[in-house]
Structure formats: C-alpha cells, structure tokens
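A.B. asks: Could you have a look at this structure, given as structure tokens, before my questions?
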Amino acid sequence: MLETVDFRFLDSVLDNYGGDKAKIIAIMQDVQEKYRYLPQEALEYIAGKVGMSESKLYGVATFYGNFSLDAKGKYVLKVCRGTACHVRKSGNVLQALYDATGTNEHKPNSDDGLFTLEIVSCLGACGLSPVVMVNDTVHAAMTPEKARELVETLREEG
C-alpha cells in the first residue's frame, strides 16, 4: 500500500505552482490526489523546497480535515452515518463492508491494500440514503447485499 515517493512528480507539482508557499494547500491537494494521503517523505521534501518549516506544513495538513497523513487503500469507502442514513440502517451497511473488506473500527485498511473504510458524518446526499462514497463516486440506497456486491466488483477491478 505504501508507495515510493516520486520526487520528479513532486518537482512538477511545485513547478506548476511556482514553488510558492502561499499555494501550499493546492500543492498538498495535488500530492494527496496521487498518493491518496500525504507521505511524510513528500511533506519533508516540499517543506524544504518552499522554505516552510516541517512543523508549519504538518500544521496545515492536520488542520484541514480533507488531508490525511495515513496511507489509504486504492478504494476509500466513506460510509455516511448522518441522521438520514442512520435511520435507514447505514449501520448494517457499515458492518457488511467491515465483513467484506476485513476492516473494522480500529483497523480501517484492508490487508490487501485495496480498501480504506471511513465513517463520515454526512455526505450531503440525504435523499439517496443510505449512501456510500467510493473515492469520488456516490452509491445510493445501499443495503448490506449491495455493499458486499460493491466490494466484490471493486476487488475484481483491483
């Protein structure tokens, strides 16, 4: 699951933003888009290149909830536990996903590196509940059966 940091990629991202530390959020977003998280080695490299302290860069990374310092699987499954989804039994969907991926509330990453399971407060799709988002795709009206099928389909796509 952990990838080697590609410094040429980091340099191209930095060049794209002129190495401007005022654009650090955009730089970090591009890095996270590639790796699905912010590798420590990448943050250290970026800090040196833009002239920021590592602690300040980590402060930005931990302040914004959309950044992650933890490695993630190829597929990030976000299970909505907001009111509408909760009422429509998203807890059963969550359990089916835990079972199908081999994850749990204390172990969000699957052993095969394919899946990361996250619980979120709301995905803003209450009328479609219960909802699971896989990377950037919303899957509506989920049931435990549909959740298991989704995991199998994703596993086949690998």
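We label chains A, B, ... in the order they appear in the structure tokens, count residues from 1 in each chain, and number ligands from 1 in the order shown.
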Let's see if you can do this: from backbone DSSP, list all alpha helix (DSSP H) residues in region 1-154 of chain A, as a short mmCIF file (atom, residue, chain, number, x, y, z; two decimals) with N, CA, C and O atoms, in the first residue's frame.
C.D. replies:
data_model
loop_
_atom_site.label_atom_id
_atom_site.label_comp_id
_atom_site.auth_asym_id
_atom_site.auth_seq_id
_atom_site.Cartn_x
_atom_site.Cartn_y
_atom_site.Cartn_z
N PHE A 7 9.99 11.93 -6.60
CA PHE A 7 10.44 13.31 -6.44
C PHE A 7 10.29 14.12 -7.72
O PHE A 7 10.10 15.33 -7.67
N ARG A 8 10.35 13.46 -8.87
CA ARG A 8 10.10 14.19 -10.13
C ARG A 8 8.66 14.68 -10.16
O ARG A 8 8.38 15.80 -10.61
N PHE A 9 7.74 13.84 -9.68
CA PHE A 9 6.34 14.27 -9.60
C PHE A 9 6.21 15.47 -8.67
O PHE A 9 5.55 16.45 -8.99
N LEU A 10 6.84 15.38 -7.50
CA LEU A 10 6.78 16.50 -6.55
C LEU A 10 7.35 17.77 -7.16
O LEU A 10 6.78 18.85 -7.00
N ASP A 11 8.47 17.64 -7.87
CA ASP A 11 9.05 18.81 -8.52
C ASP A 11 8.11 19.40 -9.56
O ASP A 11 7.99 20.62 -9.67
N SER A 12 7.40 18.54 -10.29
CA SER A 12 6.47 19.05 -11.31
C SER A 12 5.30 19.77 -10.65
O SER A 12 4.84 20.80 -11.16
N VAL A 13 4.83 19.26 -9.53
CA VAL A 13 3.75 19.94 -8.80
C VAL A 13 4.24 21.29 -8.29
O VAL A 13 3.56 22.31 -8.45
N LEU A 14 5.41 21.29 -7.71
CA LEU A 14 5.97 22.54 -7.20
C LEU A 14 6.19 23.55 -8.32
O LEU A 14 5.87 24.73 -8.18
N ASP A 15 6.69 23.08 -9.45
CA ASP A 15 6.88 23.96 -10.61
C ASP A 15 5.56 24.52 -11.10
O ASP A 15 5.47 25.69 -11.49
N ASN A 16 4.53 23.67 -11.07
CA ASN A 16 3.20 24.09 -11.52
C ASN A 16 2.68 25.28 -10.71
O ASN A 16 1.93 26.10 -11.22
N ILE A 24 0.41 26.44 -0.86
CA ILE A 24 0.73 25.15 -0.25
C ILE A 24 -0.47 24.21 -0.20
O ILE A 24 -0.32 23.00 -0.36
N ILE A 25 -1.66 24.74 0.00
CA ILE A 25 -2.84 23.87 0.05
C ILE A 25 -3.06 23.20 -1.30
O ILE A 25 -3.30 21.99 -1.36
N ALA A 26 -2.96 23.95 -2.37
CA ALA A 26 -3.12 23.38 -3.71
C ALA A 26 -2.03 22.34 -3.99
O ALA A 26 -2.31 21.28 -4.57
N ILE A 27 -0.82 22.63 -3.57
CA ILE A 27 0.28 21.69 -3.74
C ILE A 27 -0.02 20.39 -3.00
O ILE A 27 0.11 19.29 -3.55
N MET A 28 -0.46 20.52 -1.75
CA MET A 28 -0.77 19.34 -0.95
C MET A 28 -1.95 18.57 -1.52
O MET A 28 -1.97 17.33 -1.48
N GLN A 29 -2.93 19.26 -2.08
CA GLN A 29 -4.06 18.58 -2.70
C GLN A 29 -3.61 17.74 -3.89
O GLN A 29 -4.06 16.60 -4.06
N ASP A 30 -2.71 18.28 -4.70
CA ASP A 30 -2.20 17.52 -5.85
C ASP A 30 -1.42 16.29 -5.40
O ASP A 30 -1.55 15.22 -6.00
N VAL A 31 -0.64 16.44 -4.36
CA VAL A 31 0.13 15.30 -3.84
C VAL A 31 -0.81 14.25 -3.28
O VAL A 31 -0.67 13.06 -3.55
N GLN A 32 -1.80 14.69 -2.53
CA GLN A 32 -2.74 13.72 -1.96
C GLN A 32 -3.56 13.03 -3.04
O GLN A 32 -3.91 11.86 -2.91
N GLU A 33 -3.87 13.74 -4.12
CA GLU A 33 -4.62 13.12 -5.21
C GLU A 33 -3.85 11.93 -5.79
O GLU A 33 -4.43 10.90 -6.11
N LYS A 34 -2.54 12.06 -5.90
CA LYS A 34 -1.72 10.97 -6.44
C LYS A 34 -1.58 9.81 -5.46
O LYS A 34 -1.73 8.66 -5.83
N TYR A 35 -1.27 10.13 -4.21
CA TYR A 35 -0.94 9.07 -3.24
C TYR A 35 -2.12 8.65 -2.36
O TYR A 35 -2.01 7.68 -1.63
N GLN A 40 4.98 11.26 4.57
CA GLN A 40 5.88 12.08 5.38
C GLN A 40 7.08 12.54 4.56
O GLN A 40 7.48 13.71 4.62
N GLU A 41 7.64 11.64 3.77
CA GLU A 41 8.81 11.97 2.96
C GLU A 41 8.49 13.10 1.96
O GLU A 41 9.31 13.98 1.72
N ALA A 42 7.28 13.08 1.41
CA ALA A 42 6.86 14.12 0.46
C ALA A 42 6.71 15.46 1.18
O ALA A 42 7.14 16.50 0.67
N LEU A 43 6.12 15.44 2.37
CA LEU A 43 5.94 16.69 3.12
C LEU A 43 7.29 17.30 3.51
O LEU A 43 7.47 18.52 3.43
N GLU A 44 8.22 16.46 3.91
CA GLU A 44 9.54 16.96 4.28
C GLU A 44 10.22 17.60 3.06
O GLU A 44 10.83 18.67 3.17
N TYR A 45 10.10 16.97 1.92
CA TYR A 45 10.70 17.48 0.68
C TYR A 45 10.06 18.81 0.28
O TYR A 45 10.76 19.77 -0.02
N ILE A 46 8.74 18.85 0.32
CA ILE A 46 8.01 20.06 -0.06
C ILE A 46 8.37 21.22 0.88
O ILE A 46 8.60 22.35 0.44
N ALA A 47 8.42 20.93 2.18
CA ALA A 47 8.76 21.98 3.15
C ALA A 47 10.10 22.61 2.81
O ALA A 47 10.24 23.84 2.81
N GLY A 48 11.08 21.78 2.50
CA GLY A 48 12.40 22.29 2.15
C GLY A 48 12.39 23.11 0.87
O GLY A 48 13.06 24.14 0.77
N LYS A 49 11.62 22.67 -0.09
CA LYS A 49 11.58 23.36 -1.40
C LYS A 49 10.85 24.70 -1.35
O LYS A 49 11.21 25.61 -2.08
N VAL A 50 9.81 24.82 -0.52
CA VAL A 50 9.05 26.08 -0.48
C VAL A 50 9.53 27.00 0.66
O VAL A 50 9.02 28.11 0.79
N GLU A 54 8.86 22.20 8.60
CA GLU A 54 8.06 20.98 8.53
C GLU A 54 6.88 21.05 9.50
O GLU A 54 5.79 20.59 9.19
N SER A 55 7.10 21.66 10.67
CA SER A 55 6.02 21.74 11.65
C SER A 55 4.87 22.60 11.15
O SER A 55 3.70 22.29 11.37
N LYS A 56 5.19 23.66 10.43
CA LYS A 56 4.13 24.51 9.87
C LYS A 56 3.35 23.75 8.80
O LYS A 56 2.13 23.83 8.73
N LEU A 57 4.06 22.99 7.97
CA LEU A 57 3.41 22.21 6.93
C LEU A 57 2.52 21.12 7.55
O LEU A 57 1.39 20.91 7.10
N TYR A 58 3.01 20.47 8.59
CA TYR A 58 2.19 19.48 9.29
C TYR A 58 0.98 20.14 9.95
O TYR A 58 -0.09 19.55 10.03
N GLY A 59 1.16 21.37 10.41
CA GLY A 59 0.03 22.11 10.98
C GLY A 59 -1.07 22.31 9.96
O GLY A 59 -2.26 22.16 10.27
N VAL A 60 -0.69 22.64 8.73
CA VAL A 60 -1.69 22.79 7.66
C VAL A 60 -2.35 21.45 7.38
O VAL A 60 -3.57 21.34 7.27
N ALA A 61 -1.54 20.40 7.29
CA ALA A 61 -2.05 19.07 6.96
C ALA A 61 -3.02 18.54 8.02
O ALA A 61 -3.99 17.87 7.69
N THR A 62 -2.77 18.88 9.27
CA THR A 62 -3.65 18.37 10.33
C THR A 62 -4.82 19.29 10.61
O THR A 62 -5.82 18.86 11.18
N PHE A 63 -4.73 20.55 10.20
CA PHE A 63 -5.83 21.49 10.42
C PHE A 63 -7.01 21.17 9.52
O PHE A 63 -8.16 21.20 9.94
N THR A 83 -27.94 11.56 10.04
CA THR A 83 -29.27 11.19 10.53
C THR A 83 -30.08 10.38 9.52
O THR A 83 -30.59 9.31 9.84
N ALA A 84 -30.19 10.88 8.29
CA ALA A 84 -31.00 10.17 7.29
C ALA A 84 -30.43 8.79 7.01
O ALA A 84 -31.19 7.80 6.92
N CYS A 85 -29.13 8.68 6.87
CA CYS A 85 -28.51 7.38 6.61
C CYS A 85 -28.63 6.46 7.82
O CYS A 85 -28.90 5.27 7.68
N HIS A 86 -28.45 7.02 9.01
CA HIS A 86 -28.57 6.23 10.23
C HIS A 86 -29.97 5.63 10.35
O HIS A 86 -30.13 4.43 10.62
N VAL A 87 -30.98 6.45 10.13
CA VAL A 87 -32.36 5.99 10.23
C VAL A 87 -32.65 4.89 9.21
O VAL A 87 -33.42 3.97 9.46
N SER A 90 -27.76 2.56 7.91
CA SER A 90 -26.40 2.55 7.39
C SER A 90 -25.46 1.74 8.28
O SER A 90 -24.41 1.29 7.82
N GLY A 91 -25.85 1.52 9.53
CA GLY A 91 -25.05 0.68 10.42
C GLY A 91 -24.93 -0.74 9.90
O GLY A 91 -23.86 -1.37 10.00
N ASN A 92 -26.00 -1.25 9.32
CA ASN A 92 -25.96 -2.60 8.73
C ASN A 92 -25.06 -2.63 7.48
O ASN A 92 -24.36 -3.61 7.23
N VAL A 93 -25.09 -1.54 6.71
CA VAL A 93 -24.23 -1.42 5.53
C VAL A 93 -22.77 -1.36 5.98
O VAL A 93 -21.90 -2.04 5.41
N LEU A 94 -22.51 -0.58 7.01
CA LEU A 94 -21.15 -0.47 7.55
C LEU A 94 -20.63 -1.84 7.98
O LEU A 94 -19.50 -2.21 7.65
N GLN A 95 -21.44 -2.59 8.70
CA GLN A 95 -21.00 -3.90 9.16
C GLN A 95 -20.73 -4.83 7.99
O GLN A 95 -19.75 -5.59 7.99
N ALA A 96 -21.57 -4.77 6.96
CA ALA A 96 -21.35 -5.60 5.77
C ALA A 96 -20.02 -5.23 5.09
O ALA A 96 -19.29 -6.12 4.62
N LEU A 97 -19.71 -3.94 5.06
CA LEU A 97 -18.45 -3.51 4.47
C LEU A 97 -17.26 -3.94 5.31
O LEU A 97 -16.23 -4.36 4.78
N TYR A 98 -17.38 -3.84 6.63
CA TYR A 98 -16.32 -4.33 7.51
C TYR A 98 -16.06 -5.81 7.21
O TYR A 98 -14.92 -6.24 7.05
N ASP A 99 -17.13 -6.59 7.17
CA ASP A 99 -17.00 -8.03 6.95
C ASP A 99 -16.39 -8.34 5.58
O ASP A 99 -15.52 -9.20 5.45
N ALA A 100 -16.84 -7.64 4.55
CA ALA A 100 -16.39 -7.91 3.18
C ALA A 100 -14.96 -7.47 2.92
O ALA A 100 -14.26 -8.06 2.10
N THR A 101 -14.51 -6.43 3.63
CA THR A 101 -13.16 -5.91 3.40
C THR A 101 -12.14 -6.40 4.42
O THR A 101 -10.94 -6.22 4.23
N PRO A 144 -26.93 -4.04 2.83
CA PRO A 144 -25.79 -4.92 3.08
C PRO A 144 -25.43 -5.78 1.86
O PRO A 144 -24.25 -5.96 1.56
N GLU A 145 -26.44 -6.26 1.15
CA GLU A 145 -26.19 -7.10 -0.03
C GLU A 145 -25.47 -6.28 -1.11
O GLU A 145 -24.52 -6.75 -1.73
N LYS A 146 -25.98 -5.07 -1.37
CA LYS A 146 -25.35 -4.20 -2.38
C LYS A 146 -23.91 -3.85 -1.97
O LYS A 146 -23.02 -3.74 -2.81
N ALA A 147 -23.69 -3.67 -0.68
CA ALA A 147 -22.35 -3.34 -0.18
C ALA A 147 -21.38 -4.48 -0.45
O ALA A 147 -20.26 -4.26 -0.92
N ARG A 148 -21.81 -5.71 -0.19
CA ARG A 148 -20.95 -6.87 -0.45
C ARG A 148 -20.66 -7.00 -1.94
O ARG A 148 -19.53 -7.28 -2.35
N GLU A 149 -21.69 -6.78 -2.77
CA GLU A 149 -21.50 -6.84 -4.24
C GLU A 149 -20.54 -5.76 -4.70
O GLU A 149 -19.70 -6.00 -5.58
N LEU A 150 -20.65 -4.57 -4.13
CA LEU A 150 -19.77 -3.47 -4.49
C LEU A 150 -18.32 -3.82 -4.19
O LEU A 150 -17.42 -3.62 -5.03
N VAL A 151 -18.07 -4.39 -3.02
CA VAL A 151 -16.70 -4.78 -2.64
C VAL A 151 -16.17 -5.83 -3.61
O VAL A 151 -15.03 -5.76 -4.07
N GLU A 152 -17.00 -6.80 -3.98
CA GLU A 152 -16.55 -7.85 -4.90
C GLU A 152 -16.22 -7.26 -6.27
O GLU A 152 -15.23 -7.63 -6.89
N THR A 153 -17.06 -6.34 -6.74
CA THR A 153 -16.80 -5.68 -8.03
C THR A 153 -15.49 -4.90 -7.98
O THR A 153 -14.67 -5.00 -8.91
N LEU A 154 -15.27 -4.16 -6.92
CA LEU A 154 -14.04 -3.39 -6.77
C LEU A 154 -12.82 -4.32 -6.68
O LEU A 154 -11.77 -4.04 -7.25
#
A.B. asks: Once you count only C-alpha atoms, what closest atom pair and distance in Å to one decimal does each residue of region 30-86 of chain A within 10 Å of region 108-117 of chain A have, with rows by chain and rising residue number, as JSON lines?
C.D. replies:
{"residue": "A:Asp70", "atom": "CA", "partner": "A:Asn109", "partner_atom": "CA", "distance": 9.8}
{"residue": "A:Ala71", "atom": "CA", "partner": "A:Asn109", "partner_atom": "CA", "distance": 8.4}
{"residue": "A:Lys72", "atom": "CA", "partner": "A:Thr116", "partner_atom": "CA", "distance": 5.6}
{"residue": "A:Gly73", "atom": "CA", "partner": "A:Phe115", "partner_atom": "CA", "distance": 4.4}
{"residue": "A:Lys74", "atom": "CA", "partner": "A:Leu114", "partner_atom": "CA", "distance": 4.8}
{"residue": "A:Tyr75", "atom": "CA", "partner": "A:Phe115", "partner_atom": "CA", "distance": 4.9}
{"residue": "A:Val76", "atom": "CA", "partner": "A:Thr116", "partner_atom": "CA", "distance": 4.7}
{"residue": "A:Leu77", "atom": "CA", "partner": "A:Leu117", "partner_atom": "CA", "distance": 4.9}
{"residue": "A:Lys78", "atom": "CA", "partner": "A:Leu117", "partner_atom": "CA", "distance": 6.1}
{"residue": "A:Val79", "atom": "CA", "partner": "A:Leu117", "partner_atom": "CA", "distance": 7.5}
A.B. asks: Could you write out that same residue set with all heavy atoms as a tab-separated table (two decimals), in the first residue's frame?
C.D. replies:
chain	number	residue	atom	x	y	z
A	70	ASP	N	-2.24	9.37	6.89
A	70	ASP	CA	-2.23	7.91	6.94
A	70	ASP	C	-2.45	7.33	5.55
A	70	ASP	O	-3.30	7.80	4.79
A	70	ASP	CB	-3.34	7.40	7.86
A	70	ASP	CG	-3.15	7.87	9.29
A	70	ASP	OD1	-1.99	7.86	9.77
A	70	ASP	OD2	-4.14	8.26	9.92
A	71	ALA	N	-1.69	6.30	5.23
A	71	ALA	CA	-1.82	5.62	3.94
A	71	ALA	C	-3.24	5.09	3.79
A	71	ALA	O	-3.86	4.67	4.76
A	71	ALA	CB	-0.80	4.49	3.84
A	72	LYS	N	-3.72	5.13	2.56
A	72	LYS	CA	-5.07	4.66	2.28
A	72	LYS	C	-5.03	3.64	1.16
A	72	LYS	O	-4.10	3.60	0.36
A	72	LYS	CB	-5.95	5.84	1.87
A	72	LYS	CG	-6.12	6.82	3.00
A	72	LYS	CD	-7.18	7.82	2.71
A	72	LYS	CE	-7.25	8.80	3.87
A	72	LYS	NZ	-8.51	8.88	4.48
A	73	GLY	N	-6.07	2.84	1.11
A	73	GLY	CA	-6.19	1.86	0.06
A	73	GLY	C	-6.53	2.50	-1.27
A	73	GLY	O	-6.81	3.70	-1.37
A	74	LYS	N	-6.53	1.68	-2.30
A	74	LYS	CA	-6.88	2.16	-3.64
A	74	LYS	C	-8.30	2.69	-3.66
A	74	LYS	O	-8.60	3.67	-4.34
A	74	LYS	CB	-6.74	1.01	-4.64
A	74	LYS	CG	-7.09	1.38	-6.05
A	74	LYS	CD	-6.86	0.23	-7.02
A	74	LYS	CE	-7.20	0.66	-8.44
A	74	LYS	NZ	-6.95	-0.42	-9.39
A	75	TYR	N	-9.17	2.05	-2.89
A	75	TYR	CA	-10.57	2.46	-2.81
A	75	TYR	C	-10.86	2.95	-1.39
A	75	TYR	O	-10.74	2.18	-0.44
A	75	TYR	CB	-11.52	1.31	-3.15
A	75	TYR	CG	-11.28	0.74	-4.53
A	75	TYR	CD1	-10.69	-0.51	-4.69
A	75	TYR	CD2	-11.63	1.46	-5.67
A	75	TYR	CE1	-10.47	-1.03	-5.94
A	75	TYR	CE2	-11.41	0.94	-6.93
A	75	TYR	CZ	-10.83	-0.31	-7.06
A	75	TYR	OH	-10.61	-0.82	-8.31
A	76	VAL	N	-11.23	4.22	-1.27
A	76	VAL	CA	-11.63	4.77	0.02
A	76	VAL	C	-13.15	4.76	0.07
A	76	VAL	O	-13.81	5.43	-0.74
A	76	VAL	CB	-11.09	6.20	0.22
A	76	VAL	CG1	-11.56	6.78	1.55
A	76	VAL	CG2	-9.56	6.20	0.14
A	77	LEU	N	-13.68	3.95	0.97
A	77	LEU	CA	-15.13	3.82	1.12
A	77	LEU	C	-15.56	4.66	2.30
A	77	LEU	O	-15.13	4.41	3.43
A	77	LEU	CB	-15.52	2.35	1.37
A	77	LEU	CG	-15.39	1.40	0.19
A	77	LEU	CD1	-13.95	1.06	-0.11
A	77	LEU	CD2	-16.16	0.13	0.48
A	78	LYS	N	-16.37	5.67	2.03
A	78	LYS	CA	-16.88	6.54	3.09
A	78	LYS	C	-18.33	6.17	3.33
A	78	LYS	O	-19.16	6.27	2.42
A	78	LYS	CB	-16.76	8.01	2.68
A	78	LYS	CG	-15.33	8.46	2.55
A	78	LYS	CD	-15.22	9.91	2.18
A	78	LYS	CE	-13.75	10.28	2.04
A	78	LYS	NZ	-13.58	11.68	1.68
A	79	VAL	N	-18.62	5.77	4.54
A	79	VAL	CA	-19.98	5.37	4.91
A	79	VAL	C	-20.61	6.51	5.68
A	79	VAL	O	-20.10	6.93	6.72
A	79	VAL	CB	-19.97	4.09	5.77
A	79	VAL	CG1	-21.38	3.69	6.15
A	79	VAL	CG2	-19.24	2.96	5.05
A.B. asks: Find the residues around Cys122 (chain A) up to 7 Å (only C-alpha atoms counted), leave out those fewer than 5 positions away in its own chain, and share them as a PDB file with all heavy atoms, in the first residue's frame.
C.D. replies:
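Final output, out_4.pdb:
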ATOM      1  N   CYS A  80     -21.703   7.015   5.159  1.00  0.00           N
ATOM      2  CA  CYS A  80     -22.408   8.117   5.806  1.00  0.00           C
ATOM      3  C   CYS A  80     -23.168   7.592   7.020  1.00  0.00           C
ATOM      4  O   CYS A  80     -23.898   6.603   6.938  1.00  0.00           O
ATOM      5  CB  CYS A  80     -23.374   8.779   4.833  1.00  0.00           C
ATOM      6  SG  CYS A  80     -24.221  10.185   5.569  1.00  0.00           S
ATOM      7  N   ARG A  81     -22.975   8.288   8.145  1.00  0.00           N
ATOM      8  CA  ARG A  81     -23.696   7.933   9.371  1.00  0.00           C
ATOM      9  C   ARG A  81     -24.522   9.123   9.851  1.00  0.00           C
ATOM     10  O   ARG A  81     -24.887   9.203  11.021  1.00  0.00           O
ATOM     11  CB  ARG A  81     -22.712   7.489  10.451  1.00  0.00           C
ATOM     12  CG  ARG A  81     -22.014   6.175  10.155  1.00  0.00           C
ATOM     13  CD  ARG A  81     -22.913   4.970  10.151  1.00  0.00           C
ATOM     14  NE  ARG A  81     -23.177   4.593  11.538  1.00  0.00           N
ATOM     15  CZ  ARG A  81     -24.309   4.075  11.972  1.00  0.00           C
ATOM     16  NH1 ARG A  81     -25.292   3.854  11.144  1.00  0.00           N
ATOM     17  NH2 ARG A  81     -24.457   3.772  13.239  1.00  0.00           N
ATOM     18  N   GLY A  82     -24.836  10.048   8.926  1.00  0.00           N
ATOM     19  CA  GLY A  82     -25.706  11.163   9.251  1.00  0.00           C
ATOM     20  C   GLY A  82     -27.097  10.672   9.596  1.00  0.00           C
ATOM     21  O   GLY A  82     -27.416   9.487   9.455  1.00  0.00           O
TER      22      GLY A  82
END
A.B. asks: Can you tell me which residues surround Gly51 (chain A) at a distance of at most 10 Å, considering only C-alpha atoms, apart from same-chain residues fewer than 5 positions away, and format the answer as a PyMOL selection string?
C.D. replies: chain A and resi 19-21+46
A.B. asks: To one decimal place in Å, what is the distance between CA of Glu105 (chain A) and CA of Val131 (chain A)?
C.D. replies: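 Separation of CA of Glu105 (chain A) and CA of Val131 (chain A): 18.1 Å.
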A.B. asks: DSSP says strand (DSSP E or B) for which residues of region 10-103 of chain A? Put them as a ChimeraX atom specification?
C.D. replies: /A:75-80
A.B. asks: For the selection you just gave me, I'd like the residues written to a file as a compact mmCIF listing (two decimals), in the first residue's frame, keeping C-alpha atoms.
C.D. replies:
# COMPACT_ATOMS: atom_id res chain seq x y z
CA TYR A 75 -10.57 2.46 -2.81
CA VAL A 76 -11.63 4.77 0.02
CA LEU A 77 -15.13 3.82 1.12
CA LYS A 78 -16.88 6.54 3.09
CA VAL A 79 -19.98 5.37 4.91
CA CYS A 80 -22.41 8.12 5.81
A.B. asks: One decimal, in Å: what's the spacing between CA of Arg36 (chain A) and CA of Ala141 (chain A)?
C.D. replies: 26.0 Å
A.B. asks: Which is closer to Met142 (chain A) than all the others in A:Lys89, A:Pro39, A:Gly158, A:Ser53, using only C-alpha atoms?
C.D. replies: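 Of the candidates, the smallest distance to Met142 (chain A) is held by A:Lys89.
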A.B. asks: If you measure from CA of Thr143 (chain A) to CA of Asn66 (chain A), what distance in Å do you get, rounded to one decimal?
C.D. replies: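 That distance, rounded to one decimal, is 26.6 Å.
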